[in-house]
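*Asks:* Handing you a structure now.
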Amino acid sequence: MKNDDLGLDTRLAHCGRSPADHSGTVNTPVYRASTILFPNLAALDAKESARLRYGRRGTPTTHALEDAICALEGADKALVTPSGVSAISIILMSYAEPGAHFLVTDSAYGPTRKFCEFTLKKFGIETTYYDPTIGADIETLIRPETKLIWMESPGSQTFEVQDVSAISEVARRRGIVTVIDNTWSGGYFCQPISQGVDISVQAGTKYISGHSDLMLGTIACREQEYDRLREAYLRFGLCVGPDDAFLALRGLRTIGVRMAQHHVNGLEVARWLGEQDEVLRVMHPALPEDPGHMLWQRHFTGASGLFGFVIRAVDRTALARMFDGFTLFGMGSSWGGFESLMVPSNPSVYRTATTWEPGGQTIRIHVGLENPVDLIREIRQGLDRLR
């Protein structure tokens, strides 16, 4: 049976592994390697075309993960890096040249903006931030020197859904490369390359890992963008540890069942929050009342456990009463693992093209794999302490 005829869950169960090549071992083993030996001089002379040539350039473990990322994202090629931020940085540097102009959504992940403002600016690259809801009107911001359009959907902390297909169509017509941060969907609920995007980047630390125990970045792309991306990747000397690559491969085997449960749990908690007097709004694109719901239905097949909500404005002391009493919800910078997290946030500090004035305190929540009844009970108790 052809691979294209198989469902995504089936492909993810079998991609990136070849037991016959590893003495029948079901999972690709951990290869710890720096030096790769060649059997003769002819093979050494031909090493430029060899997939295995030096540990920094990849091992069977990392190559297996790259193959699996291609299957997940529906991509031609993939690279894996030591973190999501390193993957973001590699992409931005790949298209940086003096005088270049980048368009970046105003809802982008904070470190993406900082790389543009503190690193790219030094090299003469100008960044314009745009309203994430701009859609096809992004064409009005394109200049002759525009080289790249960066999307993130839903947006970081505020969860606006972008019209990815419309923006990609404009970019393709104008010969501009498109990139999307696809971490929210885990690559499982959205395959943006099939929707016209050139490059999809993820913090594999999140849903690909699923267990909050590794750092990883992934870059999935069309064939024509790969050589440029890999050149930058090699020049920076980045490589993923074999144990992290192995754990990421193991995480991918269960991403389907995990994401399905994140979807169910997240929606149950989001609906409950929307009914509470203390909550002013819920930012979850799978809710019918969300402004981005129609676009979410078009571009996604499900929702992850990450979303946001706004409570009535309170002082920090009252907020501490709410947060400090949690036992199931942790406070931490990451998300995408099996455990639930909640942190207060202030998206307004990152905005320049748009404003974020929600009328209260913004909170980011990641709903994990616990029983949502227990999570709701804990939030209810937290809101009681808040009062």
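Just remember, in the structure tokens the first chain shown is A, the second B, etc., residues are 1-based per chain, and ligands are 1-based in the order shown.
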Give me the residues near Ile90 of chain A as a PyMOL selection string, where near means some atom within 8 Å (using only C-alpha atoms) and where sequence neighbours in that chain fewer than 4 positions away do not count.
*Replies:* chain A and resi 86+94+229+232-233
*Asks:* Show me, as a list in words, the residues that have an atom within 12 Å of Pro98 of chain A when counting only C-alpha atoms, minus same-chain residues fewer than 4 positions from it.
*Replies:*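 The residues satisfying every condition are Met93, Phe102, Leu120, Lys121, Lys122, Phe123, Gly124, Ile125, Glu126, Glu145, Thr146 and Lys147 of chain A.
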*Asks:* Find the residues around segment 271-278 of chain A up to 12 Å (only C-alpha atoms counted), leave out those fewer than 4 positions away in its own chain, and share them as a ChimeraX atom specification.
*Replies:* /A:264-267,282-290,307-314,360-361,363,365,372-373,375-377,379-380,382-387
*Asks:* Would you mind listing what lies within 9 Å of segment 324-339 of chain A as an MDAnalysis selection string, with only C-alpha atoms counted and same-chain residues fewer than 3 positions away left out?
*Replies:* chainID A and resid 183:184 186 205:213 258 262 304:306 319:321 342:343 365:370 374:375 378:379 381:382 385
*Asks:* Work out how far atom CA of Thr127 of chain A is from atom CA of Glu139 of chain A, in Å to one decimal.
*Replies:*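 About the pair atom CA of Glu139 of chain A and atom CA of Thr127 of chain A: they are 15.2 Å apart.
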*Asks:* A:Asp244, A:Asp137, A:Asp76, A:Asp106: which is nearest Glu225 of chain A, counting only C-alpha atoms?
*Replies:*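 Ranked by minimum distance to Glu225 of chain A, first place goes to A:Asp76.
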*Asks:* I need the residues in segment 167-227 of chain A that are alpha helix (DSSP H) according to DSSP; give them as a VMD selection string.
*Replies:* chain A and resid 167 to 174 223 to 227
*Asks:* Determine the nearest neighbour of His14 of chain A from the options A:Gln162, A:Asn27, A:Thr35, A:Ser185, counting only C-alpha atoms.
*Replies:*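 Nearest candidate to His14 of chain A out of A:Gln162, A:Asn27, A:Thr35, A:Ser185: A:Asn27.
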*Asks:* For Val80 of chain A, work out the shell of residues within 9 Å, counting only C-alpha atoms and skipping chain neighbours fewer than 2 positions away, then give it as a compact mmCIF listing (two decimals) with N, CA and C atoms, in the first residue's frame.
*Replies:*
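Printed below is part17.txt as written:
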```txt
# COMPACT_ATOMS: atom_id res chain seq x y z
N THR A 62 18.82 11.12 14.19
CA THR A 62 18.30 12.43 13.79
C THR A 62 17.68 12.38 12.40
N HIS A 63 18.27 11.59 11.51
CA HIS A 63 17.68 11.45 10.17
C HIS A 63 16.31 10.80 10.24
N LEU A 65 14.24 11.10 12.69
CA LEU A 65 13.32 12.14 13.18
C LEU A 65 12.96 13.11 12.06
N GLU A 66 13.92 13.48 11.24
CA GLU A 66 13.62 14.37 10.11
C GLU A 66 12.62 13.73 9.15
N ILE A 69 9.23 13.97 10.75
CA ILE A 69 8.67 15.33 10.69
C ILE A 69 8.10 15.60 9.32
N ALA A 78 13.04 18.19 5.93
CA ALA A 78 12.95 18.69 7.31
C ALA A 78 14.34 18.78 7.92
N PRO A 82 18.25 22.37 18.07
CA PRO A 82 18.23 22.15 19.52
C PRO A 82 17.09 22.83 20.28
N SER A 83 16.35 23.75 19.65
CA SER A 83 15.23 24.42 20.32
C SER A 83 14.35 25.08 19.28
N ALA A 87 15.41 27.12 15.69
CA ALA A 87 14.78 26.88 14.39
C ALA A 87 14.27 28.18 13.78
N GLY A 204 9.43 21.76 18.84
CA GLY A 204 9.15 20.35 19.10
C GLY A 204 9.19 20.04 20.58
N LEU A 216 13.70 21.01 21.54
CA LEU A 216 13.77 20.63 20.14
C LEU A 216 13.10 21.68 19.27
N GLY A 217 13.67 21.93 18.12
CA GLY A 217 13.03 22.74 17.09
C GLY A 217 12.93 21.95 15.81
N THR A 218 11.88 22.18 15.03
CA THR A 218 11.72 21.48 13.75
C THR A 218 11.44 22.48 12.65
N ILE A 219 12.01 22.23 11.49
CA ILE A 219 11.76 23.03 10.29
C ILE A 219 11.33 22.06 9.20
N ALA A 220 10.13 22.24 8.68
CA ALA A 220 9.62 21.43 7.58
C ALA A 220 9.40 22.36 6.40
N LEU A 238 24.70 23.81 14.35
CA LEU A 238 23.67 23.28 15.24
C LEU A 238 23.50 21.78 15.06
N CYS A 239 23.23 21.10 16.15
CA CYS A 239 22.90 19.68 16.05
C CYS A 239 22.09 19.28 17.28
N VAL A 240 21.23 18.30 17.10
CA VAL A 240 20.35 17.81 18.17
C VAL A 240 20.99 16.60 18.83
N ALA A 245 16.54 13.39 20.19
CA ALA A 245 15.92 12.94 18.94
C ALA A 245 15.13 11.66 19.16
```
*Asks:* Skipping near chain neighbours, those fewer than 3 positions away, what residues fall within 10 Å of Gly175 of chain A using only C-alpha atoms, listed as a PDB file with N, CA, C and O atoms, in the first residue's frame?
*Replies:*
```pdb
ATOM      1  N   THR A 146      10.702  43.128  -0.172  1.00  0.00           N
ATOM      2  CA  THR A 146      10.125  42.165   0.779  1.00  0.00           C
ATOM      3  C   THR A 146      10.531  40.747   0.389  1.00  0.00           C
ATOM      4  O   THR A 146      10.267  40.301  -0.729  1.00  0.00           O
ATOM      5  N   LYS A 147      11.160  40.044   1.319  1.00  0.00           N
ATOM      6  CA  LYS A 147      11.677  38.701   1.052  1.00  0.00           C
ATOM      7  C   LYS A 147      10.912  37.597   1.764  1.00  0.00           C
ATOM      8  O   LYS A 147      10.959  36.440   1.338  1.00  0.00           O
ATOM      9  N   LEU A 148      10.221  37.956   2.856  1.00  0.00           N
ATOM     10  CA  LEU A 148       9.643  36.903   3.687  1.00  0.00           C
ATOM     11  C   LEU A 148       8.408  37.426   4.415  1.00  0.00           C
ATOM     12  O   LEU A 148       8.382  38.575   4.859  1.00  0.00           O
ATOM     13  N   GLU A 169      -1.262  32.873  -0.949  1.00  0.00           N
ATOM     14  CA  GLU A 169      -1.539  33.081  -2.372  1.00  0.00           C
ATOM     15  C   GLU A 169      -0.949  34.404  -2.843  1.00  0.00           C
ATOM     16  O   GLU A 169      -0.341  34.483  -3.914  1.00  0.00           O
ATOM     17  N   VAL A 170      -1.097  35.446  -2.039  1.00  0.00           N
ATOM     18  CA  VAL A 170      -0.507  36.743  -2.373  1.00  0.00           C
ATOM     19  C   VAL A 170       1.007  36.623  -2.454  1.00  0.00           C
ATOM     20  O   VAL A 170       1.638  37.110  -3.404  1.00  0.00           O
ATOM     21  N   ALA A 171       1.615  35.977  -1.464  1.00  0.00           N
ATOM     22  CA  ALA A 171       3.069  35.836  -1.428  1.00  0.00           C
ATOM     23  C   ALA A 171       3.593  35.039  -2.620  1.00  0.00           C
ATOM     24  O   ALA A 171       4.604  35.400  -3.229  1.00  0.00           O
ATOM     25  N   ARG A 172       2.901  33.971  -2.954  1.00  0.00           N
ATOM     26  CA  ARG A 172       3.325  33.151  -4.083  1.00  0.00           C
ATOM     27  C   ARG A 172       3.286  33.946  -5.385  1.00  0.00           C
ATOM     28  O   ARG A 172       4.187  33.857  -6.222  1.00  0.00           O
ATOM     29  N   THR A 178       6.980  32.243   2.389  1.00  0.00           N
ATOM     30  CA  THR A 178       6.091  32.290   3.552  1.00  0.00           C
ATOM     31  C   THR A 178       6.527  31.266   4.597  1.00  0.00           C
ATOM     32  O   THR A 178       6.931  30.151   4.276  1.00  0.00           O
TER      33      THR A 178
END
```
*Asks:* How far is it from atom CA of Gln195 of chain A to atom CA of Gly302 of chain A, in Å with one decimal?
*Replies:* 15.9 Å
*Asks:* For Asp67 of chain A, which of A:Val85, A:Val201, A:Leu252, A:Ile167 is the closest residue, counting only C-alpha atoms?
*Replies:*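 Closest to Asp67 of chain A of all the choices is A:Leu252.
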*Asks:* Quick one: DSSP strand (DSSP E) residues in segment 170-383 of chain A, as an mmCIF file with N, CA, C and O atoms, in the first residue's frame?
*Replies:*
```cif
data_model
loop_
_atom_site.group_PDB
_atom_site.id
_atom_site.type_symbol
_atom_site.label_atom_id
_atom_site.label_comp_id
_atom_site.auth_asym_id
_atom_site.auth_seq_id
_atom_site.Cartn_x
_atom_site.Cartn_y
_atom_site.Cartn_z
ATOM 1 N N VAL A 177 8.723 34.285 0.066
ATOM 2 C CA VAL A 177 8.695 33.067 0.878
ATOM 3 C C VAL A 177 7.771 33.261 2.077
ATOM 4 O O VAL A 177 7.772 34.313 2.716
ATOM 5 N N THR A 178 6.980 32.243 2.389
ATOM 6 C CA THR A 178 6.091 32.290 3.552
ATOM 7 C C THR A 178 6.527 31.266 4.597
ATOM 8 O O THR A 178 6.931 30.151 4.276
ATOM 9 N N VAL A 179 6.414 31.691 5.865
ATOM 10 C CA VAL A 179 6.761 30.849 7.001
ATOM 11 C C VAL A 179 5.616 30.924 8.003
ATOM 12 O O VAL A 179 5.003 31.982 8.177
ATOM 13 N N ILE A 180 5.330 29.819 8.660
ATOM 14 C CA ILE A 180 4.333 29.830 9.728
ATOM 15 C C ILE A 180 4.858 29.088 10.945
ATOM 16 O O ILE A 180 5.497 28.038 10.814
ATOM 17 N N ASP A 181 4.624 29.667 12.112
ATOM 18 C CA ASP A 181 4.874 28.964 13.365
ATOM 19 C C ASP A 181 3.649 28.082 13.620
ATOM 20 O O ASP A 181 2.559 28.568 13.891
ATOM 21 N N ILE A 199 7.333 27.127 4.448
ATOM 22 C CA ILE A 199 8.099 26.599 5.573
ATOM 23 C C ILE A 199 7.222 26.582 6.826
ATOM 24 O O ILE A 199 6.553 27.570 7.132
ATOM 25 N N SER A 200 7.248 25.477 7.535
ATOM 26 C CA SER A 200 6.530 25.350 8.808
ATOM 27 C C SER A 200 7.549 25.081 9.911
ATOM 28 O O SER A 200 8.376 24.180 9.791
ATOM 29 N N VAL A 201 7.483 25.888 10.972
ATOM 30 C CA VAL A 201 8.428 25.748 12.086
ATOM 31 C C VAL A 201 7.661 25.412 13.351
ATOM 32 O O VAL A 201 6.535 25.873 13.551
ATOM 33 N N GLN A 202 8.269 24.579 14.184
ATOM 34 C CA GLN A 202 7.666 24.231 15.464
ATOM 35 C C GLN A 202 8.708 24.205 16.576
ATOM 36 O O GLN A 202 9.883 23.894 16.333
ATOM 37 N N ALA A 203 8.249 24.499 17.784
ATOM 38 C CA ALA A 203 9.009 24.132 18.969
ATOM 39 C C ALA A 203 8.612 22.696 19.283
ATOM 40 O O ALA A 203 7.564 22.445 19.876
ATOM 41 N N GLY A 217 13.669 21.935 18.119
ATOM 42 C CA GLY A 217 13.025 22.741 17.089
ATOM 43 C C GLY A 217 12.928 21.947 15.811
ATOM 44 O O GLY A 217 13.784 21.094 15.527
ATOM 45 N N THR A 218 11.875 22.180 15.026
ATOM 46 C CA THR A 218 11.725 21.478 13.749
ATOM 47 C C THR A 218 11.435 22.482 12.646
ATOM 48 O O THR A 218 10.715 23.466 12.851
ATOM 49 N N ILE A 219 12.006 22.228 11.490
ATOM 50 C CA ILE A 219 11.763 23.025 10.287
ATOM 51 C C ILE A 219 11.332 22.064 9.197
ATOM 52 O O ILE A 219 12.081 21.152 8.830
ATOM 53 N N ALA A 220 10.130 22.243 8.683
ATOM 54 C CA ALA A 220 9.624 21.425 7.576
ATOM 55 C C ALA A 220 9.403 22.356 6.395
ATOM 56 O O ALA A 220 8.901 23.480 6.560
ATOM 57 N N CYS A 221 9.754 21.908 5.193
ATOM 58 C CA CYS A 221 9.734 22.841 4.074
ATOM 59 C C CYS A 221 9.490 22.146 2.742
ATOM 60 O O CYS A 221 9.555 20.923 2.622
ATOM 61 N N VAL A 279 -15.016 35.919 34.319
ATOM 62 C CA VAL A 279 -14.299 35.831 33.044
ATOM 63 C C VAL A 279 -14.944 36.770 32.027
ATOM 64 O O VAL A 279 -16.138 36.658 31.725
ATOM 65 N N LEU A 280 -14.145 37.685 31.480
ATOM 66 C CA LEU A 280 -14.649 38.653 30.514
ATOM 67 C C LEU A 280 -14.699 38.082 29.103
ATOM 68 O O LEU A 280 -15.599 38.403 28.336
ATOM 69 N N ARG A 281 -13.730 37.251 28.760
ATOM 70 C CA ARG A 281 -13.712 36.637 27.426
ATOM 71 C C ARG A 281 -12.790 35.432 27.427
ATOM 72 O O ARG A 281 -11.891 35.318 28.269
ATOM 73 N N VAL A 282 -13.037 34.544 26.489
ATOM 74 C CA VAL A 282 -12.188 33.365 26.287
ATOM 75 C C VAL A 282 -11.666 33.412 24.860
ATOM 76 O O VAL A 282 -12.441 33.624 23.914
ATOM 77 N N MET A 283 -10.365 33.224 24.677
ATOM 78 C CA MET A 283 -9.752 33.211 23.340
ATOM 79 C C MET A 283 -9.428 31.769 22.972
ATOM 80 O O MET A 283 -8.354 31.255 23.295
ATOM 81 N N LEU A 306 -3.988 24.662 24.324
ATOM 82 C CA LEU A 306 -3.503 25.997 24.679
ATOM 83 C C LEU A 306 -4.489 27.069 24.228
ATOM 84 O O LEU A 306 -4.862 27.126 23.057
ATOM 85 N N PHE A 307 -4.885 27.931 25.154
ATOM 86 C CA PHE A 307 -5.744 29.061 24.800
ATOM 87 C C PHE A 307 -5.614 30.125 25.881
ATOM 88 O O PHE A 307 -4.754 30.029 26.771
ATOM 89 N N GLY A 308 -6.426 31.157 25.808
ATOM 90 C CA GLY A 308 -6.326 32.242 26.771
ATOM 91 C C GLY A 308 -7.686 32.687 27.253
ATOM 92 O O GLY A 308 -8.721 32.378 26.652
ATOM 93 N N PHE A 309 -7.682 33.407 28.347
ATOM 94 C CA PHE A 309 -8.922 34.032 28.813
ATOM 95 C C PHE A 309 -8.568 35.291 29.588
ATOM 96 O O PHE A 309 -7.402 35.519 29.962
ATOM 97 N N VAL A 310 -9.555 36.143 29.793
ATOM 98 C CA VAL A 310 -9.360 37.418 30.482
ATOM 99 C C VAL A 310 -10.304 37.469 31.668
ATOM 100 O O VAL A 310 -11.508 37.204 31.524
ATOM 101 N N ILE A 311 -9.763 37.787 32.839
ATOM 102 C CA ILE A 311 -10.594 37.968 34.032
ATOM 103 C C ILE A 311 -10.657 39.459 34.368
ATOM 104 O O ILE A 311 -9.879 40.260 33.849
ATOM 105 N N ARG A 312 -11.592 39.810 35.209
ATOM 106 C CA ARG A 312 -11.719 41.205 35.628
ATOM 107 C C ARG A 312 -10.408 41.672 36.271
ATOM 108 O O ARG A 312 -9.712 40.902 36.931
ATOM 109 N N LEU A 341 -0.947 23.834 32.775
ATOM 110 C CA LEU A 341 -0.195 25.011 33.191
ATOM 111 C C LEU A 341 -1.091 26.237 33.104
ATOM 112 O O LEU A 341 -2.039 26.279 32.317
ATOM 113 N N MET A 342 -0.766 27.255 33.897
ATOM 114 C CA MET A 342 -1.487 28.518 33.804
ATOM 115 C C MET A 342 -0.558 29.646 34.253
ATOM 116 O O MET A 342 0.108 29.520 35.287
ATOM 117 N N VAL A 343 -0.509 30.727 33.462
ATOM 118 C CA VAL A 343 0.312 31.881 33.832
ATOM 119 C C VAL A 343 -0.412 33.161 33.429
ATOM 120 O O VAL A 343 -1.086 33.211 32.398
ATOM 121 N N PRO A 344 -0.279 34.225 34.235
ATOM 122 C CA PRO A 344 -0.780 35.526 33.795
ATOM 123 C C PRO A 344 0.144 36.072 32.705
ATOM 124 O O PRO A 344 1.348 35.788 32.710
ATOM 125 N N SER A 345 -0.395 36.830 31.771
ATOM 126 C CA SER A 345 0.426 37.363 30.685
ATOM 127 C C SER A 345 0.013 38.792 30.368
ATOM 128 O O SER A 345 -1.056 39.256 30.773
ATOM 129 N N GLY A 360 -8.993 43.754 31.276
ATOM 130 C CA GLY A 360 -8.752 42.967 32.479
ATOM 131 C C GLY A 360 -7.415 42.265 32.394
ATOM 132 O O GLY A 360 -6.543 42.637 31.603
ATOM 133 N N GLN A 361 -7.237 41.234 33.199
ATOM 134 C CA GLN A 361 -5.994 40.471 33.265
ATOM 135 C C GLN A 361 -6.041 39.294 32.294
ATOM 136 O O GLN A 361 -6.908 38.424 32.377
ATOM 137 N N THR A 362 -5.096 39.254 31.352
ATOM 138 C CA THR A 362 -4.994 38.139 30.413
ATOM 139 C C THR A 362 -4.289 36.961 31.075
ATOM 140 O O THR A 362 -3.299 37.139 31.798
ATOM 141 N N ILE A 363 -4.795 35.770 30.825
ATOM 142 C CA ILE A 363 -4.215 34.547 31.379
ATOM 143 C C ILE A 363 -4.062 33.527 30.251
ATOM 144 O O ILE A 363 -4.977 33.340 29.447
ATOM 145 N N ARG A 364 -2.891 32.893 30.207
ATOM 146 C CA ARG A 364 -2.679 31.794 29.255
ATOM 147 C C ARG A 364 -2.795 30.480 29.998
ATOM 148 O O ARG A 364 -2.215 30.315 31.081
ATOM 149 N N ILE A 365 -3.530 29.558 29.416
ATOM 150 C CA ILE A 365 -3.766 28.265 30.055
ATOM 151 C C ILE A 365 -3.434 27.141 29.083
ATOM 152 O O ILE A 365 -3.730 27.233 27.884
ATOM 153 N N HIS A 366 -2.781 26.122 29.590
ATOM 154 C CA HIS A 366 -2.598 24.897 28.817
ATOM 155 C C HIS A 366 -3.310 23.775 29.556
ATOM 156 O O HIS A 366 -2.976 23.460 30.707
#
```
*Asks:* Rank nothing, just name the residue among A:Ile138, A:Gly16, A:Asp131, A:Gln261 nearest to Ala353 of chain A, using only C-alpha atoms.
*Replies:* A:Asp131
*Asks:* Go ahead and compute the interatomic distance for atom CA of Thr128 of chain A and atom CA of Thr355 of chain A, in Å to one decimal.
*Replies:*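 Going from atom CA of Thr128 of chain A over to atom CA of Thr355 of chain A covers 15.3 Å.
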